[in-house]
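protein_11.txt, holding compact mmCIF, C-alpha atoms and all ligand atoms:
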# COMPACT_ATOMS: atom_id res chain seq x y z
CA MET Q 1432 0.00 0.00 0.00
CA ALA Q 1433 1.33 3.43 -0.91
CA SER Q 1434 2.16 5.62 2.04
CA HIS Q 1435 1.13 9.26 2.04
CA LYS Q 1436 2.98 12.12 3.67
CA LEU Q 1437 0.81 14.57 5.61
CA LEU Q 1438 2.04 17.80 7.12
CA LEU Q 1439 -0.20 18.83 10.02
CA LEU Q 1440 -0.29 22.56 10.78
CA PRO Q 1441 -2.67 23.07 13.72
CA GLY Q 1442 -1.92 26.80 14.10
CA ASP Q 1443 -3.74 28.92 16.68
CA GLY Q 1444 -6.94 29.14 18.67
CA ILE Q 1445 -9.18 26.13 18.16
CA GLY Q 1446 -6.86 24.79 15.41
CA PRO Q 1447 -5.02 22.31 17.67
CA GLU Q 1448 -8.30 21.04 19.18
CA VAL Q 1449 -9.93 20.29 15.85
CA ILE Q 1450 -6.73 18.82 14.34
CA ALA Q 1451 -6.64 16.40 17.28
CA GLU Q 1452 -9.89 14.89 15.96
CA VAL Q 1453 -8.27 14.35 12.55
CA LYS Q 1454 -5.34 12.62 14.27
CA ARG Q 1455 -7.83 10.30 15.93
CA LEU Q 1456 -9.07 9.28 12.46
CA ILE Q 1457 -5.56 8.95 11.00
CA ASP Q 1458 -4.46 6.72 13.89
CA TRP Q 1459 -7.42 4.43 13.36
CA LEU Q 1460 -6.97 4.26 9.57
CA ASN Q 1461 -3.29 3.39 10.06
CA ALA Q 1462 -3.98 0.83 12.81
CA GLN Q 1463 -6.60 -0.90 10.67
CA GLY Q 1464 -4.34 -0.92 7.62
CA ILE Q 1465 -7.02 0.96 5.65
CA ALA Q 1466 -4.44 3.58 4.68
CA ARG Q 1467 -0.86 4.42 5.48
CA PHE Q 1468 -0.32 8.03 6.53
CA GLU Q 1469 3.01 9.37 7.74
CA THR Q 1470 2.44 12.59 9.64
CA GLU Q 1471 4.69 15.41 10.69
CA GLN Q 1472 3.55 18.44 12.64
CA GLU Q 1473 4.84 22.03 12.52
CA LEU Q 1474 3.96 25.51 13.71
CA VAL Q 1475 2.15 28.16 11.68
CA GLY Q 1476 0.57 31.53 12.39
CA GLY Q 1477 0.84 33.12 15.82
CA ALA Q 1478 2.30 29.93 17.28
CA ALA Q 1479 5.13 30.09 14.73
CA TYR Q 1480 5.57 33.80 15.41
CA ASP Q 1481 5.99 33.18 19.13
CA ALA Q 1482 8.68 30.59 18.39
CA SER Q 1483 10.55 32.28 15.53
CA LYS Q 1484 9.16 35.79 14.88
CA GLN Q 1485 7.85 34.52 11.51
CA SER Q 1486 4.36 33.24 10.72
CA ILE Q 1487 5.90 30.30 8.89
CA THR Q 1488 9.58 29.34 8.56
CA ASP Q 1489 11.41 28.33 5.38
CA ALA Q 1490 11.93 24.88 6.91
CA THR Q 1491 8.18 24.42 7.36
CA MET Q 1492 7.57 25.71 3.83
CA ALA Q 1493 9.98 23.08 2.52
CA LYS Q 1494 8.07 20.37 4.38
CA ALA Q 1495 4.80 21.68 2.94
CA GLN Q 1496 6.30 21.53 -0.57
CA ALA Q 1497 7.40 17.93 0.03
CA ALA Q 1498 4.14 16.70 1.59
CA ASP Q 1499 1.41 14.92 -0.36
CA ALA Q 1500 -1.08 17.12 1.47
CA VAL Q 1501 -1.10 19.79 4.16
CA ILE Q 1502 -3.79 19.58 6.85
CA PHE Q 1503 -4.29 23.06 8.26
CA GLY Q 1504 -6.19 24.17 11.38
CA SER Q 1505 -6.55 27.95 11.76
CA VAL Q 1506 -4.44 31.03 12.42
CA GLY Q 1507 -4.75 34.37 14.18
CA GLY Q 1508 -6.04 35.92 17.37
CA PRO Q 1509 -5.99 39.15 19.36
CA LYS Q 1510 -2.69 38.15 20.98
CA TRP Q 1511 -0.91 39.03 17.70
CA ASP Q 1512 -2.82 42.24 16.88
CA GLY Q 1513 0.31 44.33 17.37
CA VAL Q 1514 2.60 42.17 15.22
CA ALA Q 1515 4.14 43.72 12.08
CA TYR Q 1516 1.92 43.23 8.99
CA GLU Q 1517 4.46 40.97 7.23
CA ALA Q 1518 4.68 38.64 10.24
CA ARG Q 1519 0.98 38.57 11.19
CA PRO Q 1520 -0.43 35.04 11.60
CA GLU Q 1521 -2.51 35.19 8.39
CA ALA Q 1522 0.66 35.81 6.36
CA GLY Q 1523 1.71 32.20 7.00
CA LEU Q 1524 -1.45 30.87 5.39
CA LEU Q 1525 -1.21 33.29 2.45
CA ARG Q 1526 2.42 32.27 1.86
CA LEU Q 1527 1.41 28.61 1.78
CA ARG Q 1528 -1.35 29.30 -0.74
CA LYS Q 1529 0.89 31.42 -2.97
CA GLU Q 1530 4.08 29.37 -2.92
CA LEU Q 1531 2.30 26.02 -3.29
CA GLY Q 1532 0.28 27.51 -6.17
CA LEU Q 1533 -3.07 26.57 -4.59
CA PHE Q 1534 -5.24 28.60 -6.95
CA ALA Q 1535 -8.45 26.57 -6.62
CA ASN Q 1536 -10.33 26.70 -3.34
CA LEU Q 1537 -13.33 24.35 -3.15
CA ARG Q 1538 -15.83 25.20 -0.42
CA PRO Q 1539 -18.83 22.87 -0.42
CA ALA Q 1540 -21.84 24.08 1.54
CA VAL Q 1541 -24.03 21.12 2.40
CA CYS Q 1542 -26.97 21.34 4.77
CA TYR Q 1543 -27.30 18.04 6.64
CA PRO Q 1544 -31.01 17.22 7.13
CA ALA Q 1545 -30.62 17.17 10.92
CA LEU Q 1546 -29.29 20.75 10.89
CA ALA Q 1547 -31.93 22.41 8.73
CA ASP Q 1548 -33.29 24.10 11.85
CA ALA Q 1549 -29.88 25.35 13.01
CA SER Q 1550 -29.60 27.65 9.99
CA SER Q 1551 -30.70 31.26 10.30
CA LEU Q 1552 -32.82 30.64 7.21
CA LYS Q 1553 -36.14 28.81 7.08
CA ARG Q 1554 -35.96 25.01 6.85
CA GLU Q 1555 -37.51 24.91 3.36
CA ALA Q 1556 -34.83 27.28 2.04
CA VAL Q 1557 -31.88 25.16 3.17
CA GLU Q 1558 -33.06 21.57 3.56
CA GLY Q 1559 -31.17 19.40 1.08
CA LEU Q 1560 -28.85 22.26 0.08
CA ASP Q 1561 -25.69 21.14 -1.69
CA ILE Q 1562 -23.69 23.86 -3.42
CA MET Q 1563 -20.01 24.26 -4.21
CA ILE Q 1564 -18.23 27.59 -4.09
CA VAL Q 1565 -15.05 27.65 -6.17
CA ARG Q 1566 -12.93 30.56 -4.99
CA GLU Q 1567 -9.85 31.76 -6.86
CA LEU Q 1568 -7.15 31.72 -4.20
CA THR Q 1569 -3.77 33.02 -5.42
CA GLY Q 1570 -4.72 36.21 -7.25
CA GLY Q 1571 -6.87 39.30 -7.00
CA VAL Q 1572 -6.70 41.91 -4.29
CA TYR Q 1573 -5.11 39.48 -1.82
CA PHE Q 1574 -1.81 39.51 -3.70
CA GLY Q 1575 -1.97 42.38 -6.22
CA GLU Q 1576 0.78 45.03 -6.17
CA PRO Q 1577 1.03 47.81 -5.17
CA LYS Q 1578 -0.29 47.10 -1.70
CA THR Q 1579 0.76 50.06 0.40
CA ILE Q 1580 -0.10 52.74 2.92
CA THR Q 1581 1.63 56.03 2.06
CA ASP Q 1582 1.89 59.09 4.27
CA LEU Q 1583 0.78 62.04 2.15
CA GLY Q 1584 2.46 64.47 4.54
CA ASN Q 1585 -0.63 66.63 5.07
CA GLY Q 1586 -2.05 64.64 7.93
CA GLN Q 1587 -3.55 62.21 5.44
CA LYS Q 1588 -2.52 58.72 4.47
CA ARG Q 1589 -3.41 56.77 1.36
CA ALA Q 1590 -4.02 53.01 1.34
CA ILE Q 1591 -3.83 51.04 -1.89
CA ASP Q 1592 -4.81 47.44 -2.59
CA THR Q 1593 -4.69 46.22 -6.17
CA GLN Q 1594 -7.21 43.93 -7.78
CA VAL Q 1595 -5.48 42.22 -10.69
CA TYR Q 1596 -6.34 39.17 -12.82
CA ASP Q 1597 -4.67 37.79 -15.94
CA THR Q 1598 -6.52 35.72 -18.53
CA TYR Q 1599 -4.78 32.45 -17.58
CA GLU Q 1600 -5.79 32.81 -13.93
CA ILE Q 1601 -9.45 33.17 -14.85
CA GLU Q 1602 -9.26 30.36 -17.42
CA ARG Q 1603 -7.79 27.78 -15.04
CA ILE Q 1604 -10.22 28.49 -12.18
CA ALA Q 1605 -13.14 28.47 -14.64
CA ARG Q 1606 -12.06 25.02 -15.88
CA VAL Q 1607 -11.95 23.65 -12.32
CA ALA Q 1608 -15.47 24.98 -11.76
CA PHE Q 1609 -16.88 23.70 -15.08
CA ASP Q 1610 -15.35 20.25 -14.45
CA LEU Q 1611 -16.97 20.10 -11.01
CA ALA Q 1612 -20.32 21.23 -12.43
CA ARG Q 1613 -20.20 18.39 -14.95
CA LYS Q 1614 -19.94 15.87 -12.13
CA ARG Q 1615 -22.80 17.53 -10.23
CA ARG Q 1616 -25.95 19.19 -11.58
CA ASN Q 1617 -24.22 20.72 -14.60
CA LYS Q 1618 -24.81 24.37 -13.73
CA LEU Q 1619 -22.22 27.07 -13.12
CA THR Q 1620 -22.85 30.60 -11.84
CA SER Q 1621 -19.98 33.06 -12.26
CA MET Q 1622 -19.97 36.10 -9.96
CA GLU Q 1623 -18.09 39.38 -10.43
CA LYS Q 1624 -18.74 43.14 -10.49
CA ARG Q 1625 -18.41 43.93 -14.19
CA ASN Q 1626 -20.63 46.98 -13.69
CA VAL Q 1627 -17.86 48.65 -11.63
CA MET Q 1628 -14.57 46.79 -12.03
CA LYS Q 1629 -12.38 46.15 -15.08
CA SER Q 1630 -11.32 42.87 -13.51
CA GLY Q 1631 -15.02 41.96 -13.49
CA VAL Q 1632 -15.33 42.78 -17.20
CA LEU Q 1633 -12.39 40.50 -18.03
CA TRP Q 1634 -13.59 37.78 -15.64
CA ASN Q 1635 -16.99 37.71 -17.33
CA GLU Q 1636 -15.46 37.71 -20.81
CA VAL Q 1637 -12.96 34.91 -20.11
CA VAL Q 1638 -15.46 32.64 -18.34
CA THR Q 1639 -17.84 33.12 -21.28
CA GLN Q 1640 -15.06 32.22 -23.76
CA VAL Q 1641 -13.98 29.10 -21.85
CA HIS Q 1642 -17.63 28.03 -21.79
CA GLY Q 1643 -18.06 28.55 -25.54
CA ARG Q 1644 -14.82 26.73 -26.38
CA GLU Q 1645 -14.82 23.81 -23.95
CA TYR Q 1646 -17.99 23.48 -21.89
CA LYS Q 1647 -21.07 24.21 -24.03
CA ASP Q 1648 -22.83 21.24 -22.37
CA VAL Q 1649 -22.76 23.01 -18.98
CA GLU Q 1650 -25.37 25.67 -18.20
CA LEU Q 1651 -23.58 28.97 -17.47
CA GLU Q 1652 -25.08 32.06 -15.88
CA HIS Q 1653 -23.51 35.30 -14.68
CA GLN Q 1654 -24.57 37.20 -11.59
CA LEU Q 1655 -23.21 40.42 -10.13
CA ALA Q 1656 -21.53 39.47 -6.86
CA ASP Q 1657 -23.72 41.72 -4.72
CA SER Q 1658 -26.97 40.35 -6.05
CA GLY Q 1659 -25.41 36.88 -5.99
CA GLY Q 1660 -24.93 37.35 -2.25
CA MET Q 1661 -28.56 38.34 -1.94
CA ASN Q 1662 -29.67 35.29 -3.90
CA LEU Q 1663 -27.56 33.06 -1.64
CA VAL Q 1664 -29.67 34.05 1.34
CA LYS Q 1665 -32.92 34.35 -0.63
CA TRP Q 1666 -33.05 31.00 -2.42
CA PRO Q 1667 -29.68 29.20 -2.28
CA LYS Q 1668 -30.98 26.07 -3.99
CA GLN Q 1669 -30.91 27.91 -7.34
CA PHE Q 1670 -27.12 27.34 -7.32
CA ASP Q 1671 -25.00 24.31 -8.09
CA VAL Q 1672 -21.41 25.53 -8.55
CA ILE Q 1673 -20.42 29.17 -8.03
CA VAL Q 1674 -17.08 30.47 -9.33
CA THR Q 1675 -15.74 33.79 -8.14
CA ASP Q 1676 -12.60 35.73 -7.29
CA ASN Q 1677 -10.52 35.66 -4.13
CA LEU Q 1678 -12.22 38.43 -2.16
CA PHE Q 1679 -15.81 37.79 -3.24
CA GLY Q 1680 -15.20 34.10 -2.61
CA ASP Q 1681 -14.02 34.84 0.92
CA MET Q 1682 -17.21 36.74 1.72
CA LEU Q 1683 -19.68 34.59 -0.18
CA SER Q 1684 -18.37 31.40 1.43
CA ASP Q 1685 -18.85 32.77 4.94
CA ILE Q 1686 -22.42 33.62 3.94
CA ALA Q 1687 -22.90 30.13 2.51
CA ALA Q 1688 -21.61 28.66 5.76
CA MET Q 1689 -24.53 30.10 7.67
CA LEU Q 1690 -26.92 28.32 5.31
CA THR Q 1691 -25.54 25.04 6.60
CA GLY Q 1692 -26.15 25.93 10.24
CA SER Q 1693 -22.72 27.14 11.33
CA LEU Q 1694 -19.30 28.24 10.18
CA GLY Q 1695 -18.14 25.16 12.08
CA MET Q 1696 -19.60 22.96 9.33
CA LEU Q 1697 -17.77 24.17 6.21
CA PRO Q 1698 -14.68 22.30 4.97
CA SER Q 1699 -12.39 23.36 2.15
CA ALA Q 1700 -9.76 22.06 -0.23
CA SER Q 1701 -7.13 24.27 -1.83
CA LEU Q 1702 -5.65 22.67 -4.91
CA GLY Q 1703 -2.81 23.42 -7.31
CA GLU Q 1704 -2.37 22.52 -10.95
CA VAL Q 1705 -2.14 18.80 -11.80
CA ASP Q 1706 1.47 17.95 -12.69
CA VAL Q 1707 1.40 16.38 -16.15
CA LYS Q 1708 4.18 13.92 -15.29
CA THR Q 1709 3.23 12.75 -11.80
CA ARG Q 1710 -0.56 13.33 -12.11
CA GLN Q 1711 -0.25 14.75 -8.57
CA ARG Q 1712 -1.24 18.19 -7.37
CA LYS Q 1713 -0.23 20.22 -4.32
CA ALA Q 1714 -3.05 20.47 -1.82
CA LEU Q 1715 -3.98 22.01 1.50
CA TYR Q 1716 -7.12 21.20 3.46
CA GLU Q 1717 -8.56 23.62 6.00
CA PRO Q 1718 -11.87 24.40 7.66
CA VAL Q 1719 -13.43 27.69 6.54
CA HIS Q 1720 -13.87 28.83 10.14
CA GLY Q 1721 -11.11 30.81 11.79
CA SER Q 1722 -9.28 30.38 15.08
CA ALA Q 1723 -12.27 31.43 17.27
CA PRO Q 1724 -10.06 32.74 20.10
CA ASP Q 1725 -13.13 33.35 22.31
CA ILE Q 1726 -13.77 29.62 22.67
CA ALA Q 1727 -10.23 28.28 22.20
CA GLY Q 1728 -8.94 25.79 24.74
CA LYS Q 1729 -12.39 25.12 26.19
CA GLY Q 1730 -13.26 21.99 24.25
CA LEU Q 1731 -16.27 23.76 22.71
CA ALA Q 1732 -15.17 23.86 19.08
CA ASN Q 1733 -17.08 21.97 16.41
CA PRO Q 1734 -14.59 19.59 14.72
CA ILE Q 1735 -16.90 18.75 11.79
CA ALA Q 1736 -15.47 21.30 9.30
CA MET Q 1737 -11.95 20.04 10.07
CA VAL Q 1738 -12.90 16.37 9.88
CA ALA Q 1739 -14.79 16.97 6.63
CA SER Q 1740 -11.73 18.82 5.27
CA PHE Q 1741 -9.73 15.66 5.93
CA GLY Q 1742 -12.49 13.83 4.05
CA MET Q 1743 -11.82 16.14 1.10
CA ALA Q 1744 -8.14 15.16 1.33
CA LEU Q 1745 -9.14 11.50 1.05
CA ARG Q 1746 -11.24 12.36 -2.00
CA TYR Q 1747 -9.08 14.86 -3.88
CA SER Q 1748 -5.50 13.86 -2.94
CA PHE Q 1749 -5.65 10.13 -2.22
CA ASP Q 1750 -8.36 8.77 -4.50
CA MET Q 1751 -10.25 7.33 -1.53
CA GLY Q 1752 -13.67 8.62 -2.52
CA GLU Q 1753 -15.47 5.66 -1.01
CA LEU Q 1754 -13.89 6.22 2.38
CA ALA Q 1755 -14.66 9.94 2.08
CA ASP Q 1756 -18.32 9.06 1.38
CA LYS Q 1757 -18.35 6.91 4.52
CA LEU Q 1758 -16.86 9.72 6.57
CA ASP Q 1759 -19.56 12.10 5.31
CA ALA Q 1760 -22.19 9.48 6.11
CA ALA Q 1761 -20.70 9.09 9.61
CA ILE Q 1762 -20.99 12.84 10.18
CA ALA Q 1763 -24.61 12.79 8.95
CA ALA Q 1764 -25.41 9.83 11.24
CA VAL Q 1765 -23.91 11.50 14.31
CA LEU Q 1766 -25.93 14.65 13.60
CA ALA Q 1767 -29.07 12.59 13.02
CA SER Q 1768 -28.52 10.92 16.41
CA GLY Q 1769 -28.90 14.36 17.98
CA LEU Q 1770 -25.31 15.05 19.02
CA ARG Q 1771 -24.54 18.78 18.83
CA THR Q 1772 -21.62 21.05 19.62
CA ALA Q 1773 -22.51 24.47 21.03
CA ASP Q 1774 -22.52 26.27 17.67
CA ILE Q 1775 -25.20 24.02 16.14
CA LYS Q 1776 -27.40 23.28 19.12
CA SER Q 1777 -31.00 24.47 19.28
CA ASP Q 1778 -32.82 25.50 22.43
CA GLY Q 1779 -33.19 22.50 24.69
CA ASP Q 1780 -30.20 20.55 23.24
CA THR Q 1781 -27.21 19.94 25.47
CA ALA Q 1782 -23.91 20.61 23.77
CA VAL Q 1783 -21.12 18.04 23.64
CA SER Q 1784 -17.39 18.71 23.59
CA THR Q 1785 -15.03 18.67 20.63
CA THR Q 1786 -13.62 15.28 21.65
CA ARG Q 1787 -17.07 13.73 22.19
CA MET Q 1788 -18.09 14.79 18.72
CA GLY Q 1789 -14.83 13.52 17.20
CA ALA Q 1790 -15.08 10.18 19.01
CA ALA Q 1791 -18.71 9.74 17.93
CA ILE Q 1792 -17.81 10.35 14.27
CA LEU Q 1793 -15.04 7.73 14.47
CA LYS Q 1794 -17.43 5.25 16.08
CA GLU Q 1795 -19.94 5.72 13.25
CA LEU Q 1796 -17.16 5.36 10.69
CA GLN Q 1797 -16.11 2.09 12.34
CA LYS Q 1798 -19.68 0.83 12.07
CA LEU Q 1799 -19.93 1.81 8.41
CA HIS Q 1800 -16.59 0.20 7.67
CA ALA Q 1801 -17.30 -3.08 9.46
C1 LIG K 1 -10.36 32.17 4.82
C2 LIG K 1 -9.80 33.13 5.83
C3 LIG K 1 -8.49 33.71 5.29
C4 LIG K 1 -8.82 34.49 4.05
C5 LIG K 1 -7.70 34.56 6.30
C6 LIG K 1 -7.42 33.82 7.58
C7 LIG K 1 -6.42 35.08 5.70
O1 LIG K 1 -10.72 34.11 6.15
O2 LIG K 1 -9.67 31.18 4.49
O3 LIG K 1 -11.49 32.37 4.38
O4 LIG K 1 -9.17 35.68 4.10
O5 LIG K 1 -8.68 33.91 2.97
MN MN K 2 -12.68 33.85 5.18

Take the structure I supplied and represent it as structure tokens, if you would.
Amino acid sequence: MASHKLLLLPGDGIGPEVIAEVKRLIDWLNAQGIARFETEQELVGGAAYDASKQSITDATMAKAQAADAVIFGSVGGPKWDGVAYEARPEAGLLRLRKELGLFANLRPAVCYPALADASSLKREAVEGLDIMIVRELTGGVYFGEPKTITDLGNGQKRAIDTQVYDTYEIERIARVAFDLARKRRNKLTSMEKRNVMKSGVLWNEVVTQVHGREYKDVELEHQLADSGGMNLVKWPKQFDVIVTDNLFGDMLSDIAAMLTGSLGMLPSASLGEVDVKTRQRKALYEPVHGSAPDIAGKGLANPIAMVASFGMALRYSFDMGELADKLDAAIAAVLASGLRTADIKSDGDTAVSTTRMGAAILKELQKLHA
């Protein structure tokens, strides 16, 4: 059996607590001989800053480059508010995305039947929801230059962020989204702001061209990102796959998370280009939620987004789709049994801890695997 190298980067806040629940799964998979994972663990974010005054070291970057997949917890927290911009915790994550070339961020928003009442939307609006947000992750305003604050000398300062997209960046993310749509309900919605932004004009044009050239069989529609956000909370089931830029994708995926009941439910996969020789691609898996410093260390965090992110690793990096399906089914079964962490509980439910939830998911997986 092939062995797979995983780099675990728990990071800050609730990151270490939710990663611990992934380790529980890895240990079991290894012990049963279902898979062979070799894991290494390193610091990232504020934890790395405290140890080395950098949000990620070159040595850790080298390990990330060499790994078959990176499993990432979360970074940031008020403790590092005063840290220089270049060394802030988030810079470690952004460096990983950029240097590993992880341009495609897949954020599936699935509403488990048992959680339809935990959403802030009405049950009928979210029950059975299954959409996929494809966020461009290495371009746009996150990385565009110049990115500066200049002192104008008259008591004023000027801040500049630059939104920039080249044709090839839009083409490759569009292809990822069209390919996913083909395996789902065959519909893609592209979101931009072509009514205000040149990058939106080009985005719209390039997605339309890729569609005409390569994906005529897929239904394509365009929505302005602001009204797309409105439609997400109005009637989210109109969507199948949504493709959008880095910043809009950041915001729209947090919105989509609430449709599923909680930010603690949304996993993600960040993927690079497939290497033509090895057929492999660089990949990082992380929950969409952040470090939640307010609840960190209390055993209150919901590990489902993290565990489901590991499930995406099984699916997208290790060709273990069947096992990933079982893991998703285990999560659904645990939720159906009534187990809830604090973020997804309704009035009258008692909340269970991070470890209880993680252990229950493993137990269900064991049953499904037997
Ligand atoms: C996310 C996060 C990150 C982002 C932060 C932590 C830099 O919010 O993955 O959605 O803005 O991309
Ligand atoms: Mn975000």

>> As a quick test: using only C-alpha atoms and all ligand atoms, which residues lie no more than 7 Å away from ligand LIG 1 (chain K)? Give them as number ranges by chain.
In response: Q: 1506, 1521, 1524-1525, 1681, 1719, 1721

>> Taking all atoms listed in the file into account, which residues have an atom no farther than 9 Å from ligand MN 2 (chain K)? I'd like them as a PyMOL selection string.
In response: chain Q and resi 1678+1680-1685+1719-1721

> Q:Met1696, Q:Leu1568, Q:Leu1754, Q:Leu1799: which is nearest Q:Cys1542, counting only C-alpha atoms?
Replying inline: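 For Q:Cys1542, the nearest of the given residues is Q:Met1696.
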
> For Q:Val1453, which residue among Q:Arg1771, Q:Glu1636, Q:Ser1748, Q:Gly1742 is the nearest when counting all atoms listed in the file?
Replying inline: Q:Gly1742

>> Taking all atoms listed in the file into account, name the residue in Q:Leu1619, Q:Leu1766, Q:Val1664, Q:Ile1673 that is nearest to Q:Glu1652.
In response: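 Among the listed residues, Q:Leu1619 lies closest to Q:Glu1652.
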
> Which residue gives the smallest distance to Q:Leu1697 among Q:Asp1443, Q:Glu1623, Q:Asp1756, Q:Asp1561, with only C-alpha atoms counted?
Replying inline: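 Ranked by minimum distance to Q:Leu1697, first place goes to Q:Asp1561.
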
Counting only C-alpha atoms, give me one row per residue of stretch 1542-1593 of chain Q with an atom at most 6 Å from an atom of stretch 1527-1538 of chain Q, showing the shortest contact pair and its distance in Å to one decimal, sorted by chain then residue number, as a tab-separated table.
residue	atom	partner	partner_atom	distance
Q:Met1563	CA	Q:Arg1538	CA	5.7
Q:Ile1564	CA	Q:Arg1538	CA	5.0
Q:Val1565	CA	Q:Leu1537	CA	4.8
Q:Arg1566	CA	Q:Asn1536	CA	4.9
Q:Glu1567	CA	Q:Ala1535	CA	5.4
Q:Leu1568	CA	Q:Phe1534	CA	4.6
Q:Thr1569	CA	Q:Phe1534	CA	4.9

> Separation of atom CA of Q:Leu1796 and atom CA of Q:Phe1503, in Å?
Replying inline: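 We find that atom CA of Q:Leu1796 and atom CA of Q:Phe1503 lie 22.0 Å from each other.
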
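Distances from Q:Arg1613, Q:Thr1620, Q:Ala1714, Q:Ile1775 to Q:Lys1436 were compared using only C-alpha atoms, and the smallest one belongs to Q:Ala1714.
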
> Counting only C-alpha atoms, what is within 6 Å of stretch 1547-1554 of chain Q, bar same-chain residues fewer than 6 positions away, as a ChimeraX atom specification?
Replying inline: /Q:1690-1692,1775

> What is the atom CA of Q:Lys1757-atom CA of Q:Glu1452 distance in Å, reported with one decimal?
Replying inline: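 Those two atoms sit 16.3 Å apart.
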
> Taking into account only C-alpha atoms, which residue in the set Q:Arg1526, Q:Pro1577, Q:Ala1656, Q:Gln1594 is nearest to Q:Gln1496?
Replying inline: Q:Arg1526

Using the block above, I'd like stretch 1454-1497 of chain Q written out, keeping C-alpha atoms and formatting it as a tab-separated table (two decimals), in the first residue's frame.
chain	number	residue	atom	x	y	z
Q	1454	LYS	CA	-5.34	12.62	14.27
Q	1455	ARG	CA	-7.83	10.30	15.93
Q	1456	LEU	CA	-9.07	9.28	12.46
Q	1457	ILE	CA	-5.56	8.95	11.00
Q	1458	ASP	CA	-4.46	6.72	13.89
Q	1459	TRP	CA	-7.42	4.43	13.36
Q	1460	LEU	CA	-6.97	4.26	9.57
Q	1461	ASN	CA	-3.29	3.39	10.06
Q	1462	ALA	CA	-3.98	0.83	12.81
Q	1463	GLN	CA	-6.60	-0.90	10.67
Q	1464	GLY	CA	-4.34	-0.92	7.62
Q	1465	ILE	CA	-7.02	0.96	5.65
Q	1466	ALA	CA	-4.44	3.58	4.68
Q	1467	ARG	CA	-0.86	4.42	5.48
Q	1468	PHE	CA	-0.32	8.03	6.53
Q	1469	GLU	CA	3.01	9.37	7.74
Q	1470	THR	CA	2.44	12.59	9.64
Q	1471	GLU	CA	4.69	15.41	10.69
Q	1472	GLN	CA	3.55	18.44	12.64
Q	1473	GLU	CA	4.84	22.03	12.52
Q	1474	LEU	CA	3.96	25.51	13.71
Q	1475	VAL	CA	2.15	28.16	11.68
Q	1476	GLY	CA	0.57	31.53	12.39
Q	1477	GLY	CA	0.84	33.12	15.82
Q	1478	ALA	CA	2.30	29.93	17.28
Q	1479	ALA	CA	5.13	30.09	14.73
Q	1480	TYR	CA	5.57	33.80	15.41
Q	1481	ASP	CA	5.99	33.18	19.13
Q	1482	ALA	CA	8.68	30.59	18.39
Q	1483	SER	CA	10.55	32.28	15.53
Q	1484	LYS	CA	9.16	35.79	14.88
Q	1485	GLN	CA	7.85	34.52	11.51
Q	1486	SER	CA	4.36	33.24	10.72
Q	1487	ILE	CA	5.90	30.30	8.89
Q	1488	THR	CA	9.58	29.34	8.56
Q	1489	ASP	CA	11.41	28.33	5.38
Q	1490	ALA	CA	11.93	24.88	6.91
Q	1491	THR	CA	8.18	24.42	7.36
Q	1492	MET	CA	7.57	25.71	3.83
Q	1493	ALA	CA	9.98	23.08	2.52
Q	1494	LYS	CA	8.07	20.37	4.38
Q	1495	ALA	CA	4.80	21.68	2.94
Q	1496	GLN	CA	6.30	21.53	-0.57
Q	1497	ALA	CA	7.40	17.93	0.03
